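Novice: Next up, entry.txt (compact mmCIF, C-alpha atoms).
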# COMPACT_ATOMS: atom_id res chain seq x y z
CA MET U 1 -15.37 -21.53 0.41
CA ASP U 2 -12.02 -20.96 -1.30
CA SER U 3 -9.27 -18.96 0.36
CA ASN U 4 -9.93 -15.81 -1.67
CA GLU U 5 -13.59 -15.78 -0.63
CA HIS U 6 -12.49 -16.20 2.97
CA HIS U 7 -10.24 -13.13 2.72
CA ILE U 8 -12.93 -11.10 0.93
CA ASP U 9 -15.45 -11.93 3.65
CA ALA U 10 -12.95 -11.02 6.37
CA ILE U 11 -12.26 -7.62 4.80
CA MET U 12 -15.97 -6.94 4.45
CA GLU U 13 -16.83 -8.00 8.00
CA ARG U 14 -13.80 -7.15 10.13
CA GLY U 15 -11.98 -4.73 7.82
CA PHE U 16 -8.80 -6.76 7.46
CA THR U 17 -7.32 -10.14 6.69
CA ILE U 18 -3.88 -11.72 7.09
CA LEU U 19 -2.19 -13.71 4.33
CA PRO U 20 0.60 -15.61 6.08
CA ASP U 21 4.03 -16.42 4.70
CA LEU U 22 3.60 -15.24 1.12
CA LEU U 23 7.33 -14.59 0.82
CA THR U 24 10.18 -17.01 1.45
CA SER U 25 12.89 -16.24 3.98
CA GLU U 26 15.26 -15.69 1.04
CA GLN U 27 12.94 -13.08 -0.45
CA VAL U 28 12.61 -11.33 2.91
CA THR U 29 16.40 -11.22 3.25
CA SER U 30 16.80 -9.87 -0.30
CA VAL U 31 14.31 -7.07 0.30
CA LYS U 32 16.00 -6.05 3.54
CA ALA U 33 19.36 -5.99 1.77
CA ALA U 34 17.95 -3.79 -1.01
CA LEU U 35 16.57 -1.34 1.56
CA ALA U 36 19.65 -1.30 3.77
CA PRO U 37 21.30 1.71 2.04
CA TRP U 38 18.16 3.76 2.70
CA LEU U 39 17.79 2.70 6.33
CA GLN U 40 20.67 4.41 8.07
CA GLN U 41 18.74 5.96 10.99
CA ARG U 42 19.02 9.36 9.31
CA LEU U 43 15.43 9.75 8.13
CA MET U 44 13.42 9.74 11.33
CA GLY U 45 9.83 10.92 11.11
CA ARG U 46 9.07 14.61 11.50
CA ASN U 47 6.04 14.33 13.77
CA GLU U 48 3.98 11.96 15.91
CA PHE U 49 2.24 10.51 12.87
CA GLU U 50 5.44 9.65 11.01
CA GLY U 51 7.07 8.64 14.29
CA THR U 52 10.04 10.40 15.83
CA ARG U 53 11.76 7.02 16.29
CA SER U 54 10.68 5.58 12.95
CA GLU U 55 12.40 5.75 9.59
CA ARG U 56 10.21 6.25 6.52
CA VAL U 57 11.47 5.61 3.02
CA TYR U 58 9.22 6.93 0.25
CA ALA U 59 9.26 6.47 -3.56
CA LEU U 60 10.32 2.87 -3.06
CA LEU U 61 10.08 1.62 -6.63
CA ALA U 62 12.63 4.24 -7.69
CA LYS U 63 15.01 3.15 -4.91
CA ALA U 64 14.47 -0.62 -4.77
CA PRO U 65 12.78 -1.78 -8.01
CA MET U 66 12.67 -5.40 -6.79
CA LEU U 67 9.81 -4.32 -4.50
CA ALA U 68 7.53 -4.51 -7.53
CA MET U 69 7.16 -8.16 -6.55
CA ILE U 70 5.00 -7.23 -3.57
CA VAL U 71 3.17 -4.40 -5.34
CA GLU U 72 1.96 -6.83 -8.01
CA HIS U 73 1.85 -10.01 -5.93
CA PRO U 74 -0.95 -12.16 -7.41
CA ALA U 75 -2.62 -12.78 -4.05
CA ILE U 76 -2.88 -9.04 -3.42
CA LEU U 77 -4.02 -8.12 -6.90
CA ALA U 78 -6.74 -10.78 -6.69
CA LEU U 79 -8.21 -8.89 -3.72
CA ALA U 80 -7.67 -5.44 -5.25
CA ASP U 81 -9.30 -6.62 -8.48
CA HIS U 82 -12.35 -7.66 -6.46
CA PHE U 83 -12.77 -4.52 -4.37
CA LEU U 84 -11.56 -1.73 -6.66
CA ALA U 85 -12.68 -0.54 -10.08
CA PRO U 86 -10.61 -1.38 -13.18
CA ASN U 87 -7.54 0.80 -13.72
CA TYR U 88 -7.03 1.35 -9.97
CA LEU U 89 -3.79 3.00 -8.93
CA LEU U 90 -0.89 2.55 -6.56
CA SER U 91 -1.55 5.38 -4.11
CA ALA U 92 1.47 5.03 -1.82
CA ASN U 93 4.40 2.70 -1.35
CA LEU U 94 6.71 3.24 1.60
CA ALA U 95 8.84 1.44 4.14
CA ILE U 96 8.42 2.11 7.86
CA ASN U 97 11.15 0.96 10.22
CA VAL U 98 9.95 1.33 13.81
CA HIS U 99 12.82 1.63 16.28
CA PRO U 100 12.84 0.78 20.01
CA GLY U 101 11.16 3.44 22.10
CA GLU U 102 8.66 4.49 19.44
CA THR U 103 5.25 5.51 20.79
CA PRO U 104 1.87 4.53 19.27
CA GLN U 105 0.86 6.34 16.11
CA PRO U 106 -2.48 8.20 16.10
CA PHE U 107 -5.37 6.08 14.83
CA HIS U 108 -6.29 6.86 11.24
CA ALA U 109 -7.77 5.36 8.07
CA ASP U 110 -5.80 5.56 4.83
CA HIS U 111 -8.65 6.20 2.37
CA ALA U 112 -11.49 7.60 4.46
CA SER U 113 -11.25 11.37 3.91
CA VAL U 114 -12.55 11.44 0.35
CA PRO U 115 -14.77 14.42 -0.58
CA ASN U 116 -18.30 13.58 -1.69
CA CYS U 117 -17.89 9.90 -0.73
CA ASN U 118 -19.39 8.03 2.18
CA ARG U 119 -16.65 7.11 4.67
CA THR U 120 -17.76 3.49 4.69
CA GLU U 121 -17.38 3.07 0.94
CA ILE U 122 -14.26 1.26 -0.21
CA ASN U 123 -12.08 3.90 -1.78
CA GLY U 124 -8.86 1.99 -1.34
CA LEU U 125 -7.04 -1.03 0.05
CA SER U 126 -3.85 -0.91 2.10
CA THR U 127 -1.35 -3.68 2.60
CA ILE U 128 1.32 -3.90 5.28
CA TRP U 129 4.04 -6.46 4.63
CA ALA U 130 6.11 -7.72 7.54
CA PHE U 131 9.87 -7.91 6.94
CA ASP U 132 10.49 -8.61 10.59
CA ASP U 133 8.13 -10.64 12.74
CA PHE U 134 5.31 -8.40 14.01
CA THR U 135 5.01 -9.22 17.72
CA GLU U 136 3.02 -8.07 20.73
CA ASP U 137 5.79 -5.71 21.88
CA ASN U 138 7.71 -4.48 18.81
CA GLY U 139 5.26 -2.08 17.18
CA ALA U 140 2.89 -4.43 15.39
CA THR U 141 0.03 -2.72 13.58
CA GLU U 142 -3.07 -2.24 15.76
CA VAL U 143 -6.57 -2.22 14.26
CA ILE U 144 -10.11 -1.58 15.44
CA PRO U 145 -12.11 -4.42 13.85
CA GLY U 146 -15.32 -3.33 12.15
CA SER U 147 -14.50 0.38 12.30
CA HIS U 148 -14.71 0.58 8.49
CA ARG U 149 -18.49 0.04 8.70
CA SER U 150 -19.33 3.05 10.86
CA GLU U 151 -19.41 6.79 10.30
CA ALA U 152 -18.73 7.35 14.00
CA GLN U 153 -15.28 7.78 15.50
CA PRO U 154 -14.47 4.43 17.11
CA ASN U 155 -13.50 3.84 20.72
CA PRO U 156 -10.00 2.35 20.49
CA ASP U 157 -10.15 0.95 24.02
CA ALA U 158 -13.15 -1.20 23.21
CA SER U 159 -11.79 -3.63 20.66
CA LEU U 160 -8.17 -2.92 19.72
CA GLU U 161 -6.44 -5.91 18.11
CA LYS U 162 -2.74 -6.34 17.31
CA ILE U 163 -1.70 -7.83 13.99
CA VAL U 164 0.84 -10.46 15.02
CA MET U 165 2.41 -12.17 11.99
CA THR U 166 5.67 -13.63 10.78
CA ALA U 167 8.11 -11.98 8.38
CA GLY U 168 6.95 -12.56 4.81
CA SER U 169 3.27 -12.23 5.76
CA VAL U 170 0.94 -9.37 4.86
CA VAL U 171 -2.19 -7.83 6.31
CA VAL U 172 -4.73 -6.30 3.89
CA LEU U 173 -6.85 -3.45 5.25
CA HIS U 174 -10.11 -1.92 4.03
CA GLY U 175 -9.25 1.70 3.28
CA SER U 176 -11.67 2.98 5.92
CA LEU U 177 -10.43 0.75 8.75
CA TYR U 178 -8.98 2.64 11.72
CA HIS U 179 -5.47 1.42 12.52
CA ARG U 180 -2.09 2.61 13.75
CA GLY U 181 1.50 1.55 14.19
CA GLY U 182 1.99 0.30 17.74
CA ALA U 183 4.61 1.20 20.35
CA ASN U 184 7.92 -0.61 20.13
CA HIS U 185 8.84 -1.82 23.62
CA SER U 186 11.41 -4.30 22.32
CA VAL U 187 15.15 -3.90 21.75
CA ARG U 188 14.99 -4.35 17.96
CA SER U 189 13.54 -2.39 15.06
CA ARG U 190 10.48 -3.62 13.16
CA LEU U 191 10.39 -3.17 9.37
CA GLY U 192 7.19 -3.06 7.37
CA ILE U 193 6.40 -1.98 3.79
CA THR U 194 2.98 -0.62 2.88
CA PRO U 195 1.82 -0.52 -0.75
CA GLN U 196 -1.60 1.14 -0.87
CA TYR U 197 -4.09 1.07 -3.75
CA CYS U 198 -6.88 3.52 -4.57
CA GLN U 199 -9.84 3.83 -6.90
CA PRO U 200 -8.91 5.18 -10.36
CA TRP U 201 -10.78 8.47 -9.85
CA LEU U 202 -8.83 9.41 -6.71
CA ARG U 203 -5.62 11.38 -6.48
CA GLN U 204 -2.71 9.23 -5.28
CA LEU U 205 -1.10 10.01 -1.92
CA GLU U 206 2.31 9.85 -3.60
CA ASN U 207 2.69 11.43 -7.02
CA MET U 208 3.88 8.22 -8.60
CA VAL U 209 4.74 9.51 -12.06
CA LEU U 210 7.18 11.94 -10.42
CA CYS U 211 8.45 9.31 -7.96
CA VAL U 212 9.00 6.90 -10.86
CA PRO U 213 9.58 8.96 -14.03
CA PRO U 214 9.26 7.46 -17.53
CA ASP U 215 12.85 6.25 -17.87
CA LEU U 216 12.48 4.19 -14.69
CA ALA U 217 8.88 3.14 -15.31
CA ALA U 218 9.93 1.55 -18.60
CA GLY U 219 11.65 -1.22 -16.64
CA PHE U 220 8.54 -2.45 -14.83
CA SER U 221 5.79 -4.80 -15.92
CA ALA U 222 2.79 -3.40 -17.75
CA ARG U 223 0.65 -3.92 -14.64
CA VAL U 224 2.96 -1.89 -12.42
CA GLN U 225 3.24 0.83 -15.07
CA GLU U 226 -0.54 1.11 -15.15
CA MET U 227 -0.83 1.33 -11.35
CA LEU U 228 1.84 4.04 -11.24
CA GLY U 229 -0.33 6.16 -13.53
CA TYR U 230 1.04 5.36 -16.99
CA SER U 231 -2.48 4.41 -17.95
CA ILE U 232 -5.87 5.84 -18.76
CA ARG U 233 -9.18 5.40 -17.02
CA GLU U 234 -11.68 3.60 -19.17
CA PRO U 235 -14.18 4.13 -20.65
CA GLY U 236 -12.80 7.33 -22.10
CA PHE U 237 -9.22 8.51 -22.03
CA MET U 238 -8.74 10.33 -18.73
CA GLY U 239 -5.01 10.45 -18.01
CA TYR U 240 -3.66 11.14 -21.51
CA VAL U 241 -0.42 13.11 -22.06
CA ASP U 242 -0.24 15.60 -24.90
CA GLY U 243 -3.21 13.89 -26.52
CA VAL U 244 -1.73 10.37 -26.47
CA HIS U 245 -1.54 7.42 -24.11
CA PRO U 246 1.07 8.05 -21.37
CA LYS U 247 2.92 4.84 -22.22
CA ARG U 248 4.10 6.64 -25.34
CA LEU U 249 6.45 8.57 -23.02
CA PHE U 250 8.73 5.54 -22.93
CA ASP U 251 7.34 3.29 -25.67
CA LYS U 252 7.01 5.23 -28.90
CA ASP U 253 5.57 2.15 -30.62
CA TYR U 254 2.72 1.70 -28.16
CA ARG U 255 -0.56 1.41 -30.06
CA GLY U 256 -3.11 0.78 -27.32
CA ARG U 257 -6.53 2.32 -26.68
CA LYS U 258 -7.32 3.35 -30.27
CA ALA U 259 -10.94 2.48 -29.62
CA HIS U 260 -11.20 5.34 -27.15
CA GLY U 261 -10.05 8.05 -29.50
CA LEU U 262 -6.40 8.31 -28.47
CA PRO U 263 -4.09 9.02 -31.41
CA SER U 264 -1.48 6.34 -32.00
Show this structure as structure tokens.
Specialist:
Amino acid sequence: MDSNEHHIDAIMERGFTILPDLLTSEQVTSVKAALAPWLQQRLMGRNEFEGTRSERVYALLAKAPMLAMIVEHPAILALADHFLAPNYLLSANLAINVHPGETPQPFHADHASVPNCNRTEINGLSTIWAFDDFTEDNGATEVIPGSHRSEAQPNPDASLEKIVMTAGSVVVLHGSLYHRGGANHSVRSRLGITPQYCQPWLRQLENMVLCVPPDLAAGFSARVQEMLGYSIREPGFMGYVDGVHPKRLFDKDYRGRKAHGLPS
């Protein structure tokens, strides 16, 4: 069994898998430096879910474009390509810096409340990248293994598991897996970044084409542009803008998708 099959099986059975040390220490340091201007302990969460001792930074690709490297990391896209339909979207992309004294977040699933869809269907994948070591006591993500396979509300006391991993590693979650950010009992903050991906027929949690407008989107790879929403769902042409492909907003010479009836 190759490593990708191992991770696919783990997501199907347990609801999550860990890919260790995908980033070098230099990459981790560079990301933290890029985020530093946005992490000034001014943007604490507004409620228990966001965390009253946690900073959240949204619209990350507009603020730190280098983070595209984790959004389109080949190891992650290989899993998303397997589980999600073609033309899937980037649903959310935010940094969460959990400070000492933070309490546990309520358990939730990122892509479970989808109208007219069975909760156990895979409507999305979430990733949580560690930019500090995730430890037993500093707010590591906590999951309830197997909770993605049941319609019932899980008992968190029965099988809670902490995701302990080194900086530069990432955990990939089935969109219906119950999880939460843990309590930070340490003396240091814990930084994670969570790009989340959804099926192409779902509305994104973050309105990505407003977070990353055309002048900024033009600087990203074609794959990132498509996941932001500068794309159409095929077959057909759902997602067009003024009758043409949305990439024409920043690339007037774009000539794609003629076969689906979009004017060039």
Novice: What's the 12 Å shell around Val187 (chain U), counting all atoms listed in the file, without same-chain residues fewer than 2 positions away, as an mmCIF file with C-alpha atoms, in the coordinates of the input?
Specialist:
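Now in part-v5.cif:
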data_model
loop_
_atom_site.group_PDB
_atom_site.id
_atom_site.type_symbol
_atom_site.label_atom_id
_atom_site.label_comp_id
_atom_site.auth_asym_id
_atom_site.auth_seq_id
_atom_site.Cartn_x
_atom_site.Cartn_y
_atom_site.Cartn_z
ATOM 1 C CA VAL U 98 9.950 1.330 13.810
ATOM 2 C CA HIS U 99 12.820 1.630 16.280
ATOM 3 C CA PRO U 100 12.840 0.780 20.010
ATOM 4 C CA GLY U 101 11.160 3.440 22.100
ATOM 5 C CA GLU U 102 8.660 4.490 19.440
ATOM 6 C CA ASP U 137 5.790 -5.710 21.880
ATOM 7 C CA ASN U 138 7.710 -4.480 18.810
ATOM 8 C CA GLY U 139 5.260 -2.080 17.180
ATOM 9 C CA ALA U 183 4.610 1.200 20.350
ATOM 10 C CA ASN U 184 7.920 -0.610 20.130
ATOM 11 C CA HIS U 185 8.840 -1.820 23.620
ATOM 12 C CA SER U 189 13.540 -2.390 15.060
ATOM 13 C CA ARG U 190 10.480 -3.620 13.160
#
Novice: May I have the protein, DNA and RNA residues with an atom at most 12 Å from (-5.5, -8.4, -7.3), counting all atoms listed in the file in the file's coordinates, returned as a VMD selection string?
Specialist: chain U and resid 4 8 70 to 90 125 127 172 197 223 to 224 227
Novice: Work out how far CA of His179 (chain U) is from CA of His111 (chain U), in Å to one decimal.
Specialist: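 Calculated distance between CA of His111 (chain U) and CA of His179 (chain U) is 11.7 Å.
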Novice: I'd like the contact shell of Ser150 (chain U) - 12 Å cut-off, all atoms listed in the file, skipping same-chain residues fewer than 2 positions apart - returned as an MDAnalysis selection string.
Specialist: chainID U and resid 13:15 112 118:121 144:148 152:155 176:178
Novice: Residues of region 156-199 of chain U that have any atom at most 12 Å from an atom of region 206-218 of chain U: could you tabulate them with the shortest-distance atom pair and the distance in Å to one decimal, using only C-alpha atoms, ordered by chain and increasing number, as a Markdown table?
Specialist:
| residue | atom | partner | partner_atom | distance |
| --- | --- | --- | --- | --- |
| U:Pro195 | CA | U:Glu206 | CA | 10.8 |
| U:Gln196 | CA | U:Glu206 | CA | 9.9 |
| U:Tyr197 | CA | U:Glu206 | CA | 10.9 |
| U:Cys198 | CA | U:Glu206 | CA | 11.2 |
Novice: Just checking: using all atoms listed in the file, which residue out of U:Lys252, U:Arg46, U:Lys63, U:Arg56 ends up closest to Ile193 (chain U)?
Specialist: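 Selected residue with least distance to Ile193 (chain U): U:Arg56.
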Novice: Just checking: using all atoms listed in the file, which residue out of U:Phe220, U:Met238, U:Cys117, U:Phe250 ends up closest to Leu67 (chain U)?
Specialist: U:Phe220
Novice: Hey, which of U:His6, U:Arg180, U:Arg53, U:Arg233 ends up closest to Lys162 (chain U)? Count all atoms listed in the file.
Specialist: U:Arg180
Novice: For N, CA and C atoms, please extract region 233-248 of chain U from the block and return it as a short mmCIF file (atom, residue, chain, number, x, y, z; two decimals), in the first residue's frame.
Specialist:
data_model
loop_
_atom_site.label_atom_id
_atom_site.label_comp_id
_atom_site.auth_asym_id
_atom_site.auth_seq_id
_atom_site.Cartn_x
_atom_site.Cartn_y
_atom_site.Cartn_z
N ARG U 233 -17.92 25.46 -12.93
CA ARG U 233 -18.17 24.05 -12.64
C ARG U 233 -18.55 23.34 -13.93
N GLU U 234 -17.86 22.27 -14.21
CA GLU U 234 -18.12 21.51 -15.42
C GLU U 234 -18.78 20.18 -15.08
N PRO U 235 -19.61 19.60 -15.96
CA PRO U 235 -19.99 20.16 -17.26
C PRO U 235 -20.95 21.34 -17.10
N GLY U 236 -20.98 22.17 -18.09
CA GLY U 236 -21.78 23.39 -18.03
C GLY U 236 -20.88 24.58 -17.83
N PHE U 237 -21.48 25.67 -17.35
CA PHE U 237 -20.67 26.89 -17.16
C PHE U 237 -21.13 27.66 -15.93
N MET U 238 -21.52 26.92 -14.88
CA MET U 238 -21.91 27.57 -13.64
C MET U 238 -20.72 28.33 -13.05
N GLY U 239 -20.91 29.60 -12.77
CA GLY U 239 -19.85 30.43 -12.23
C GLY U 239 -19.38 31.52 -13.18
N TYR U 240 -20.02 31.66 -14.35
CA TYR U 240 -19.59 32.67 -15.31
C TYR U 240 -19.85 34.09 -14.78
N VAL U 241 -19.17 35.06 -15.36
CA VAL U 241 -19.31 36.48 -15.00
C VAL U 241 -19.63 37.26 -16.27
N ASP U 242 -20.78 37.87 -16.28
CA ASP U 242 -21.20 38.66 -17.44
C ASP U 242 -21.12 37.85 -18.73
N GLY U 243 -21.45 36.56 -18.61
CA GLY U 243 -21.51 35.70 -19.78
C GLY U 243 -20.18 35.11 -20.22
N VAL U 244 -19.08 35.40 -19.48
CA VAL U 244 -17.79 34.86 -19.88
C VAL U 244 -17.11 34.21 -18.67
N HIS U 245 -16.04 33.48 -18.94
CA HIS U 245 -15.30 32.81 -17.89
C HIS U 245 -14.73 33.86 -16.92
N PRO U 246 -14.79 33.62 -15.60
CA PRO U 246 -14.33 34.63 -14.65
C PRO U 246 -12.85 34.97 -14.76
N LYS U 247 -12.04 34.11 -15.36
CA LYS U 247 -10.63 34.47 -15.52
C LYS U 247 -10.45 35.66 -16.46
N ARG U 248 -11.47 35.95 -17.26
CA ARG U 248 -11.39 37.12 -18.13
C ARG U 248 -11.36 38.42 -17.35
#
